[in-house]
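S.K.: Could you have a look at this structure, given as structure tokens, before my questions?
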Amino acid sequence: MLINPIVYAEIAFACEKIEAVDELLPAHLYAYRPIPREAAFLAARAHADYRARGGSRQTVLADFLIGAHALVERVPLLSRDRRRYRQAFPGLELIAPSPA
């Protein structure tokens with residue numbers, strides 16, 4: 001499993017100390033990778049397209065950075081937001097759990 005700085009920060013938000021994050025995410029379970037600049041550019045374009053189609057301001061660029069990073073790294077993305085990722089990144093492989 002890959003985790004980038006945005007995913008790490010979203011998980012760390014719930015923790016008071018970095019050690020608590022380490023307990024939630026033992027290092028042997030994932031690879032930490034920076035976001036390549038190609039993914040950052042792709043995310044910016046996808047977000048701009050989304051906004052041009054009338055997308056809400058509540059959807060932040062971070063979601064697009066996560067999707068673009070997965071696409072550039074050629075790894076599947078685990079998300080429940082199938083529609084947005086399929087529209088923004090048609091070639092992205094999604095792992096989308098069914099709602100409970």
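By convention here, the chains of the structure tokens are called A, B, ... in the order presented, each chain's residues are numbered starting at 1, and ligands are numbered starting at 1 in the order presented.
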Just want the 8 Å neighbourhood of Ser79 of chain A, counted on only C-alpha atoms, with same-chain residues fewer than 3 positions away dropped. Output as a PyMOL selection string.
M.R.: chain A and resi 82+94-97
S.K.: Which residues of segment 2-30 of chain A come within 12 Å of segment 36-60 of chain A, and what is each one's closest atom pair and distance in Å (one decimal), counting only C-alpha atoms, sorted by chain and residue number, as a tab-separated table?
M.R.:
```
residue	atom	partner	partner_atom	distance
A:Asn4	CA	A:Pro36	CA	10.0
A:Pro5	CA	A:Pro36	CA	11.3
A:Ile6	CA	A:Val60	CA	11.6
```
S.K.: Quick one: residues within 12 Å of Pro34 of chain A, only C-alpha atoms, excluding same-chain residues fewer than 6 positions away - as an NGL selection string?
M.R.: :A and (2-8 or 40 or 65-66 or 69-70 or 72-73)
S.K.: Quick one: distance from atom CA of Ala27 of chain A to atom CA of Leu77 of chain A in Å, one decimal?
M.R.: 19.2 Å
S.K.: Among chain A, which ones does DSSP place in alpha helix (DSSP H), written as an NGL selection string?
M.R.: :A and (5-12 or 18-24 or 37-52 or 61-73 or 82-88)
S.K.: Which of chain A end up as strand (DSSP E or B) when DSSP is run on this backbone - answer as an NGL selection string?
M.R.: :A and (2-3 or 31-32 or 77-78 or 94-95)
S.K.: Can you tell me which residues surround Val21 of chain A at a distance of at most 12 Å, considering only C-alpha atoms, apart from same-chain residues fewer than 4 positions away, and format the answer as a ChimeraX atom specification?
M.R.: /A:7-17,25-27
S.K.: What is the distance between atom CA of Val75 of chain A and atom CA of Leu92 of chain A, in Å to one decimal?
M.R.: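 One can read the atom CA of Val75 of chain A to atom CA of Leu92 of chain A distance as 8.0 Å.
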S.K.: Write out as a list in words each polymer residue whose atoms come within 9 Å of Met1 of chain A, counting only C-alpha atoms; drop sequence neighbours fewer than 3 positions from it.
M.R.: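 My list of contacting residues is Leu29, Tyr30, Ala31, Tyr32 and Val75 of chain A.
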S.K.: Atom CA of Glu93 of chain A to atom CA of Ala62 of chain A: how many Å, to one decimal?
M.R.: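 Computing the Euclidean distance for atom CA of Glu93 of chain A and atom CA of Ala62 of chain A yields 18.3 Å.
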